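Q: Below you'll find model-v3.txt; it's compact mmCIF, C-alpha atoms.
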```
# COMPACT_ATOMS: atom_id res chain seq x y z
CA GLU A 261 86.94 -7.90 -39.77
CA ALA A 262 83.66 -6.53 -41.07
CA GLY A 263 84.04 -3.77 -43.62
CA VAL A 264 82.32 -0.44 -43.95
CA ALA A 265 78.59 -1.01 -44.40
CA GLN A 266 76.40 1.34 -46.40
CA SER A 267 72.71 1.35 -47.26
CA PRO A 268 70.82 1.51 -49.44
CA ARG A 269 72.88 0.30 -52.42
CA TYR A 270 70.68 2.09 -54.91
CA LYS A 271 68.21 4.93 -54.70
CA ILE A 272 66.11 6.60 -57.37
CA ILE A 273 64.24 9.79 -56.54
CA GLU A 274 62.79 12.76 -58.35
CA LYS A 275 64.40 16.17 -58.14
CA ARG A 276 63.36 18.26 -55.16
CA GLN A 277 62.74 15.14 -53.08
CA SER A 278 64.86 14.29 -50.06
CA VAL A 279 67.06 11.24 -49.49
CA ALA A 280 69.22 9.84 -46.70
CA PHE A 281 72.15 7.46 -46.71
CA TRP A 282 73.49 5.44 -43.81
CA CYS A 283 77.03 4.31 -43.00
CA ASN A 284 78.42 2.00 -40.34
CA PRO A 285 82.22 2.23 -40.20
CA ILE A 286 84.69 -0.45 -39.23
CA SER A 287 84.57 -1.03 -35.49
CA GLY A 288 87.00 1.20 -33.63
CA HIS A 289 87.63 3.58 -36.52
CA ALA A 290 87.52 7.12 -35.19
CA THR A 291 87.54 8.92 -38.52
CA LEU A 292 84.64 8.76 -40.97
CA TYR A 293 84.40 10.32 -44.41
CA TRP A 294 81.66 10.90 -46.96
CA TYR A 295 82.65 11.22 -50.61
CA GLN A 296 80.72 12.03 -53.76
CA GLN A 297 81.85 10.20 -56.89
CA ILE A 298 80.38 11.50 -60.13
CA LEU A 299 80.57 9.13 -63.08
CA GLY A 300 84.03 9.14 -64.65
CA GLN A 301 85.64 11.09 -61.83
CA GLY A 302 87.55 10.36 -58.67
CA PRO A 303 85.82 10.65 -55.31
CA LYS A 304 85.47 14.13 -53.86
CA LEU A 305 85.43 14.60 -50.10
CA LEU A 306 82.19 16.06 -48.77
CA ILE A 307 82.70 15.85 -45.01
CA GLN A 308 85.07 14.31 -42.48
CA PHE A 309 84.28 13.39 -38.88
CA GLN A 310 86.69 12.66 -36.07
CA ASN A 311 84.58 10.73 -33.55
CA ASN A 312 81.37 12.80 -33.47
CA GLY A 313 82.95 16.13 -34.39
CA VAL A 314 83.27 17.64 -37.87
CA VAL A 315 86.89 18.07 -39.00
CA ASP A 316 86.24 19.35 -42.53
CA ASP A 317 83.00 20.18 -44.31
CA SER A 318 84.38 22.83 -46.65
CA GLN A 319 83.19 20.96 -49.77
CA LEU A 320 79.72 20.15 -48.46
CA PRO A 321 76.91 22.14 -50.17
CA LYS A 322 75.35 23.12 -46.87
CA ASP A 323 72.24 24.63 -48.41
CA ARG A 324 71.05 21.13 -49.30
CA PHE A 325 73.42 18.57 -47.78
CA SER A 326 73.71 17.69 -44.11
CA ALA A 327 75.49 14.93 -42.21
CA GLU A 328 75.70 13.78 -38.64
CA ARG A 329 77.53 11.24 -36.53
CA LEU A 330 75.82 11.71 -33.21
CA LYS A 331 77.33 8.88 -31.17
CA GLY A 332 80.68 8.78 -32.93
CA VAL A 333 79.86 5.52 -34.75
CA ASP A 334 77.16 5.41 -37.45
CA SER A 335 76.62 8.36 -39.74
CA THR A 336 73.86 9.61 -42.02
CA LEU A 337 74.13 11.90 -45.02
CA LYS A 338 71.02 13.73 -46.19
CA ILE A 339 70.17 15.68 -49.31
CA GLN A 340 67.16 17.97 -49.27
CA PRO A 341 66.07 18.99 -51.84
CA ALA A 342 67.89 16.91 -54.45
CA LYS A 343 69.03 18.37 -57.77
CA LEU A 344 69.80 16.59 -61.01
CA GLU A 345 73.53 17.22 -60.54
CA ASP A 346 73.47 15.21 -57.29
CA SER A 347 73.30 11.99 -59.30
CA ALA A 348 76.43 10.16 -58.18
CA VAL A 349 77.74 7.37 -56.01
CA TYR A 350 78.06 8.37 -52.36
CA LEU A 351 80.90 6.58 -50.67
CA CYS A 352 81.55 6.26 -46.97
CA ALA A 353 85.04 5.51 -45.69
CA SER A 354 86.61 5.07 -42.29
CA SER A 355 90.11 4.98 -40.89
CA PRO A 356 91.64 4.32 -37.48
CA GLY A 357 92.78 7.92 -37.24
CA LEU A 358 94.09 10.90 -39.11
CA ASN A 359 96.44 10.24 -42.05
CA GLN A 360 95.75 6.50 -41.93
CA PRO A 361 94.65 4.45 -44.98
CA GLN A 362 90.92 4.74 -45.57
CA HIS A 363 88.62 1.75 -46.04
CA PHE A 364 85.62 2.27 -48.29
CA GLY A 365 82.12 0.87 -48.36
CA ASP A 366 80.44 -0.23 -51.60
CA GLY A 367 78.60 3.07 -51.89
CA THR A 368 75.05 4.20 -52.60
CA ARG A 369 74.24 4.91 -56.23
CA LEU A 370 71.81 7.83 -56.39
CA SER A 371 69.85 8.62 -59.53
CA ILE A 372 67.80 11.79 -59.77
CA LEU A 373 64.99 11.84 -62.30
CA GLY B 213 97.73 23.02 -54.20
CA ASN B 214 97.89 19.24 -53.94
CA SER B 215 96.83 17.25 -56.98
CA VAL B 216 97.18 13.92 -58.75
CA THR B 217 97.35 13.37 -62.50
CA GLN B 218 96.76 9.97 -64.07
CA MET B 219 96.99 8.76 -67.62
CA GLU B 220 93.64 8.67 -69.33
CA GLY B 221 92.03 5.38 -70.16
CA PRO B 222 90.77 3.06 -71.07
CA VAL B 223 93.87 0.91 -71.14
CA THR B 224 93.12 -2.21 -73.15
CA LEU B 225 95.42 -5.22 -72.86
CA SER B 226 95.47 -8.90 -73.64
CA GLU B 227 95.84 -11.35 -70.80
CA GLU B 228 99.47 -11.79 -69.63
CA ALA B 229 100.54 -8.41 -71.05
CA PHE B 230 102.63 -5.95 -69.05
CA LEU B 231 100.76 -3.08 -67.42
CA THR B 232 101.87 0.44 -66.64
CA ILE B 233 99.51 3.16 -65.45
CA ASN B 234 101.25 6.50 -65.02
CA CYS B 235 100.63 8.74 -62.03
CA THR B 236 102.30 12.01 -61.10
CA TYR B 237 101.55 14.28 -58.21
CA THR B 238 101.96 17.81 -56.96
CA ALA B 239 102.19 18.32 -53.24
CA THR B 240 103.83 20.37 -50.57
CA GLY B 241 105.86 18.31 -48.18
CA TYR B 242 106.10 14.55 -48.42
CA PRO B 243 102.69 12.95 -48.86
CA SER B 244 101.88 9.28 -48.59
CA LEU B 245 100.86 7.76 -51.92
CA PHE B 246 98.25 5.12 -52.66
CA TRP B 247 96.72 3.10 -55.42
CA TYR B 248 93.08 2.14 -55.00
CA VAL B 249 91.13 -0.25 -57.25
CA GLN B 250 87.39 -0.12 -57.92
CA TYR B 251 85.69 -3.18 -59.39
CA PRO B 252 82.32 -2.69 -61.10
CA GLY B 253 79.56 -1.87 -58.64
CA GLU B 254 81.89 -1.83 -55.66
CA GLY B 255 83.65 0.69 -53.49
CA LEU B 256 87.33 1.46 -53.57
CA GLN B 257 89.82 -1.04 -52.20
CA LEU B 258 93.31 -0.10 -51.12
CA LEU B 259 95.70 -1.88 -53.46
CA LEU B 260 99.07 -0.65 -52.22
CA LYS B 261 100.75 2.28 -50.55
CA ALA B 262 104.11 3.97 -50.02
CA THR B 263 104.86 6.45 -47.29
CA LYS B 264 108.27 7.84 -48.17
CA ALA B 265 110.64 8.34 -51.08
CA ASP B 266 112.00 5.15 -52.70
CA ASP B 267 109.46 2.99 -50.89
CA LYS B 268 107.95 0.27 -53.08
CA GLY B 269 104.39 -0.77 -52.42
CA SER B 270 103.28 -4.16 -53.68
CA ASN B 271 100.19 -6.35 -53.56
CA LYS B 272 98.63 -9.05 -55.77
CA GLY B 273 101.45 -8.76 -58.30
CA PHE B 274 101.08 -4.98 -58.60
CA GLU B 275 103.97 -2.67 -57.70
CA ALA B 276 104.58 1.06 -57.49
CA THR B 277 107.67 2.98 -56.38
CA TYR B 278 107.56 6.42 -54.73
CA ARG B 279 109.85 8.58 -56.88
CA LYS B 280 110.39 11.98 -55.29
CA GLU B 281 112.71 13.24 -58.01
CA THR B 282 110.08 12.74 -60.70
CA THR B 283 107.05 13.12 -58.37
CA SER B 284 105.68 9.88 -59.74
CA PHE B 285 104.06 6.69 -58.48
CA HIS B 286 103.46 4.56 -61.57
CA LEU B 287 101.54 1.31 -61.17
CA GLU B 288 102.97 -1.81 -62.83
CA LYS B 289 102.12 -5.47 -63.18
CA GLY B 290 104.12 -7.99 -65.11
CA SER B 291 101.24 -10.17 -66.33
CA VAL B 292 97.65 -8.98 -66.13
CA GLN B 293 94.61 -11.21 -65.84
CA VAL B 294 91.02 -10.72 -66.96
CA SER B 295 90.10 -10.40 -63.29
CA ASP B 296 92.27 -7.25 -63.05
CA SER B 297 89.74 -5.36 -65.17
CA ALA B 298 88.70 -2.42 -63.01
CA VAL B 299 89.25 1.31 -62.49
CA TYR B 300 92.50 2.25 -60.79
CA PHE B 301 92.87 5.45 -58.78
CA CYS B 302 96.12 7.04 -57.74
CA ALA B 303 95.85 9.14 -54.59
CA LEU B 304 97.87 11.09 -52.11
CA ILE B 305 97.20 12.05 -48.55
CA ALA B 306 98.32 15.41 -47.25
CA THR B 307 97.11 17.05 -44.05
CA ASP B 308 94.69 14.13 -43.76
CA LYS B 309 93.04 14.94 -47.10
CA LEU B 310 92.89 12.02 -49.52
CA ILE B 311 93.11 13.47 -53.02
CA PHE B 312 92.33 11.22 -55.97
CA GLY B 313 93.22 11.26 -59.61
CA THR B 314 90.43 10.85 -62.12
CA GLY B 315 90.96 7.11 -62.43
CA THR B 316 92.17 4.87 -65.27
CA ARG B 317 89.95 2.09 -66.56
CA LEU B 318 91.79 -1.15 -67.35
CA GLN B 319 90.18 -3.69 -69.65
CA VAL B 320 91.88 -7.05 -70.02
CA PHE B 321 90.73 -9.45 -72.72
CA PRO B 322 91.41 -13.19 -72.88
```
Show me this structure written as structure tokens.
A:
Amino acid sequence: EAGVAQSPRYKIIEKRQSVAFWCNPISGHATLYWYQQILGQGPKLLIQFQNNGVVDDSQLPKDRFSAERLKGVDSTLKIQPAKLEDSAVYLCASSPGLNQPQHFGDGTRLSIL
Amino acid sequence: GNSVTQMEGPVTLSEEAFLTINCTYTATGYPSLFWYVQYPGEGLQLLLKATKADDKGSNKGFEATYRKETTSFHLEKGSVQVSDSAVYFCALIATDKLIFGTGTRLQVFP
């Protein structure tokens, strides 16, 4: 079974630029999550999709972050404009459904200069 | 609210030593509990889980028992290897929210 795929693995941008991350979940997984993991901390949920609908985006800084999952499969997370404090690893996870174990991708490490 | 507290690291051990990483939780209801492991440069991998009180999760020589009376889910391994060096996260799921502890770094030396 193929795992959760994320790209790019690394991204370096200057503050105020924009950036986008892509995630392809495990086939058949209805639920998709984006997490932000700041160095030395546990992952923090940014947004959760069930199929192509948003279940929870209460922790997403909506003034600069956006995410979509238009066809209920792949998802993109965008930051525009980036701030220094956005430097983190952005993890995508998927699960077969609600309250099921989540499977994580390798993440995208974002550095803001 | 729901939260997870882990012992701070790093935990430094010699190969074949006994490992314990403490984890306690606060939650309403009866959450499922997990341990995830993160190797350098990689995402999180589910190590083991327990879904109800007194359940024991186990995988790759690691074990953890869901203790409702002490609200704990301590991770143990009888004999660690250098390859176990990683960051370990305790987590709970409640109302479909996966809540992580801050992680404990384990360093195992030959």
Q: Taking into account all atoms listed in the file, which residue in the set A:Ser355, A:Gln319, A:Phe281, A:Gly263 is nearest to A:Pro303?
A: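 Answer, going by the shortest atom-to-atom distance: A:Gln319.
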Q: Please identify every residue of chain B that has at least one atom no more than 7 Å from any atom of chain A, counting only C-alpha atoms, and report them as JSON, numbers by chain.
A: {"B": [254, 255, 256, 257, 305, 308, 312, 313, 314, 315]}
Q: Restricting the calculation to only C-alpha atoms: of B:Val320, B:Leu258, B:Val292, B:Ile311, which residue gets closest to B:Ala229?
A: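 Of the candidates, the smallest distance to B:Ala229 is held by B:Val292.
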Q: To one decimal in Å, tell me the separation between atom CA of B:Gln319 and atom CA of B:Leu287.
A: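 Going from atom CA of B:Gln319 over to atom CA of B:Leu287, I get 15.0 Å.
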Q: Could you jot down the atom CA of A:Ser318 to atom CA of A:Lys331 separation for me, Å, one decimal place?
A: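 One can read the atom CA of A:Ser318 to atom CA of A:Lys331 distance as 22.0 Å.
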Q: Find the residues with any atom within 10 Å of (93.9, 3.8, -59.9); use only C-alpha atoms and the coordinates as given in the file, and write the answer as number ranges by chain.
A: A: 302; B: 218-219, 233-235, 246-250, 256-259, 286-287, 298-303, 312-318
Q: Please provide the set of residues having any atom within 6 Å of B:Ala265, restricted to all atoms listed in the file, with same-chain residues fewer than 3 positions apart removed, written as a VMD selection string.
A: chain B and resid 278 to 280
Q: Would you pick out the contacts of A:Val279 at 10 Å or less, using only C-alpha atoms, so that residues sharing its chain but fewer than 4 positions from it are not included, and give the list as a list of chain:residue names?
A: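 Returned residues: A:Lys271, A:Ile272, A:Ile273, A:Glu274, A:Phe325, A:Leu337, A:Lys338, A:Ile339, A:Gln340, A:Pro341, A:Ala342, A:Leu370.
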Q: So how many Å separate atom CA of A:Trp282 and atom CA of A:Thr336, to one decimal?
A: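 Here the two named atoms are 4.6 Å from each other.
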Q: May I ask which of the residues B:Glu275, B:Ala262, B:Ser244, B:Gly290 is the closest one to B:Thr307, counting all atoms listed in the file?
A: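 Of all the options, B:Ser244 lies closest to B:Thr307.
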Q: Kindly indicate which residue among A:Gln296, A:Ser287, A:Asn311, A:Gln277 lies nearest to A:Ala262, using only C-alpha atoms for the distances.
A: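 The shortest atom-to-atom distance to A:Ala262 comes from A:Ser287.
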Q: Please determine, counting all atoms listed in the file, which residue among A:Val314, A:Leu306, A:Ala348, A:Leu373 has the shortest atom-to-atom distance to A:Gly332.
A: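 Nearest candidate to A:Gly332 out of A:Val314, A:Leu306, A:Ala348, A:Leu373: A:Val314.
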Q: If I wrap all listed atoms of stretch 297-303 of chain A in a box with edges along x, y and z and add 8 Å on each side, what are its centre and edge lengths in Å to one decimal, as JSON?
A:
```
{"center_x": 84.0, "center_y": 10.3, "center_z": -60.0, "size_x": 23.2, "size_y": 18.4, "size_z": 25.3}
```
Q: With all atoms listed in the file as the counted atoms, please give the residues lying no more than 12 Å from B:Ser226, apart from itself and same-chain residues fewer than 4 positions off, as a ChimeraX atom specification.
A: /B:230-231,291-297,318-322
Q: Starting from the incomplete input, reconstruct N, CA and C atoms of stretch 289-301 of chain B and write that as a PDB file, in the coordinates of the input.
A:
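See selection-v6.pdb below for the written result:
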```pdb
ATOM      1  N   LYS B 289     102.334  -4.051 -63.429  1.00  0.00           N
ATOM      2  CA  LYS B 289     102.120  -5.470 -63.180  1.00  0.00           C
ATOM      3  C   LYS B 289     102.694  -6.231 -64.359  1.00  0.00           C
ATOM      4  N   GLY B 290     103.407  -7.272 -64.066  1.00  0.00           N
ATOM      5  CA  GLY B 290     104.120  -7.990 -65.110  1.00  0.00           C
ATOM      6  C   GLY B 290     103.230  -8.791 -66.046  1.00  0.00           C
ATOM      7  N   SER B 291     102.095  -9.297 -65.522  1.00  0.00           N
ATOM      8  CA  SER B 291     101.240 -10.170 -66.330  1.00  0.00           C
ATOM      9  C   SER B 291      99.803 -10.008 -65.836  1.00  0.00           C
ATOM     10  N   VAL B 292      99.003  -9.263 -66.599  1.00  0.00           N
ATOM     11  CA  VAL B 292      97.650  -8.980 -66.130  1.00  0.00           C
ATOM     12  C   VAL B 292      96.704 -10.139 -66.437  1.00  0.00           C
ATOM     13  N   GLN B 293      95.649 -10.208 -65.667  1.00  0.00           N
ATOM     14  CA  GLN B 293      94.610 -11.210 -65.840  1.00  0.00           C
ATOM     15  C   GLN B 293      93.276 -10.522 -66.128  1.00  0.00           C
ATOM     16  N   VAL B 294      92.346 -11.280 -66.686  1.00  0.00           N
ATOM     17  CA  VAL B 294      91.020 -10.720 -66.960  1.00  0.00           C
ATOM     18  C   VAL B 294      90.404 -10.152 -65.684  1.00  0.00           C
ATOM     19  N   SER B 295      90.660 -10.819 -64.570  1.00  0.00           N
ATOM     20  CA  SER B 295      90.100 -10.400 -63.290  1.00  0.00           C
ATOM     21  C   SER B 295      90.672  -9.071 -62.784  1.00  0.00           C
ATOM     22  N   ASP B 296      91.711  -8.553 -63.432  1.00  0.00           N
ATOM     23  CA  ASP B 296      92.270  -7.250 -63.050  1.00  0.00           C
ATOM     24  C   ASP B 296      91.492  -6.095 -63.677  1.00  0.00           C
ATOM     25  N   SER B 297      90.540  -6.401 -64.535  1.00  0.00           N
ATOM     26  CA  SER B 297      89.740  -5.360 -65.170  1.00  0.00           C
ATOM     27  C   SER B 297      88.992  -4.567 -64.104  1.00  0.00           C
ATOM     28  N   ALA B 298      89.245  -3.273 -64.069  1.00  0.00           N
ATOM     29  CA  ALA B 298      88.700  -2.420 -63.010  1.00  0.00           C
ATOM     30  C   ALA B 298      89.130  -0.982 -63.315  1.00  0.00           C
ATOM     31  N   VAL B 299      88.750  -0.066 -62.423  1.00  0.00           N
ATOM     32  CA  VAL B 299      89.250   1.310 -62.490  1.00  0.00           C
ATOM     33  C   VAL B 299      90.268   1.498 -61.391  1.00  0.00           C
ATOM     34  N   TYR B 300      91.410   2.060 -61.737  1.00  0.00           N
ATOM     35  CA  TYR B 300      92.500   2.250 -60.790  1.00  0.00           C
ATOM     36  C   TYR B 300      92.684   3.738 -60.506  1.00  0.00           C
ATOM     37  N   PHE B 301      92.726   4.066 -59.211  1.00  0.00           N
ATOM     38  CA  PHE B 301      92.870   5.450 -58.780  1.00  0.00           C
ATOM     39  C   PHE B 301      94.186   5.634 -58.041  1.00  0.00           C
TER      40      PHE B 301
END
```
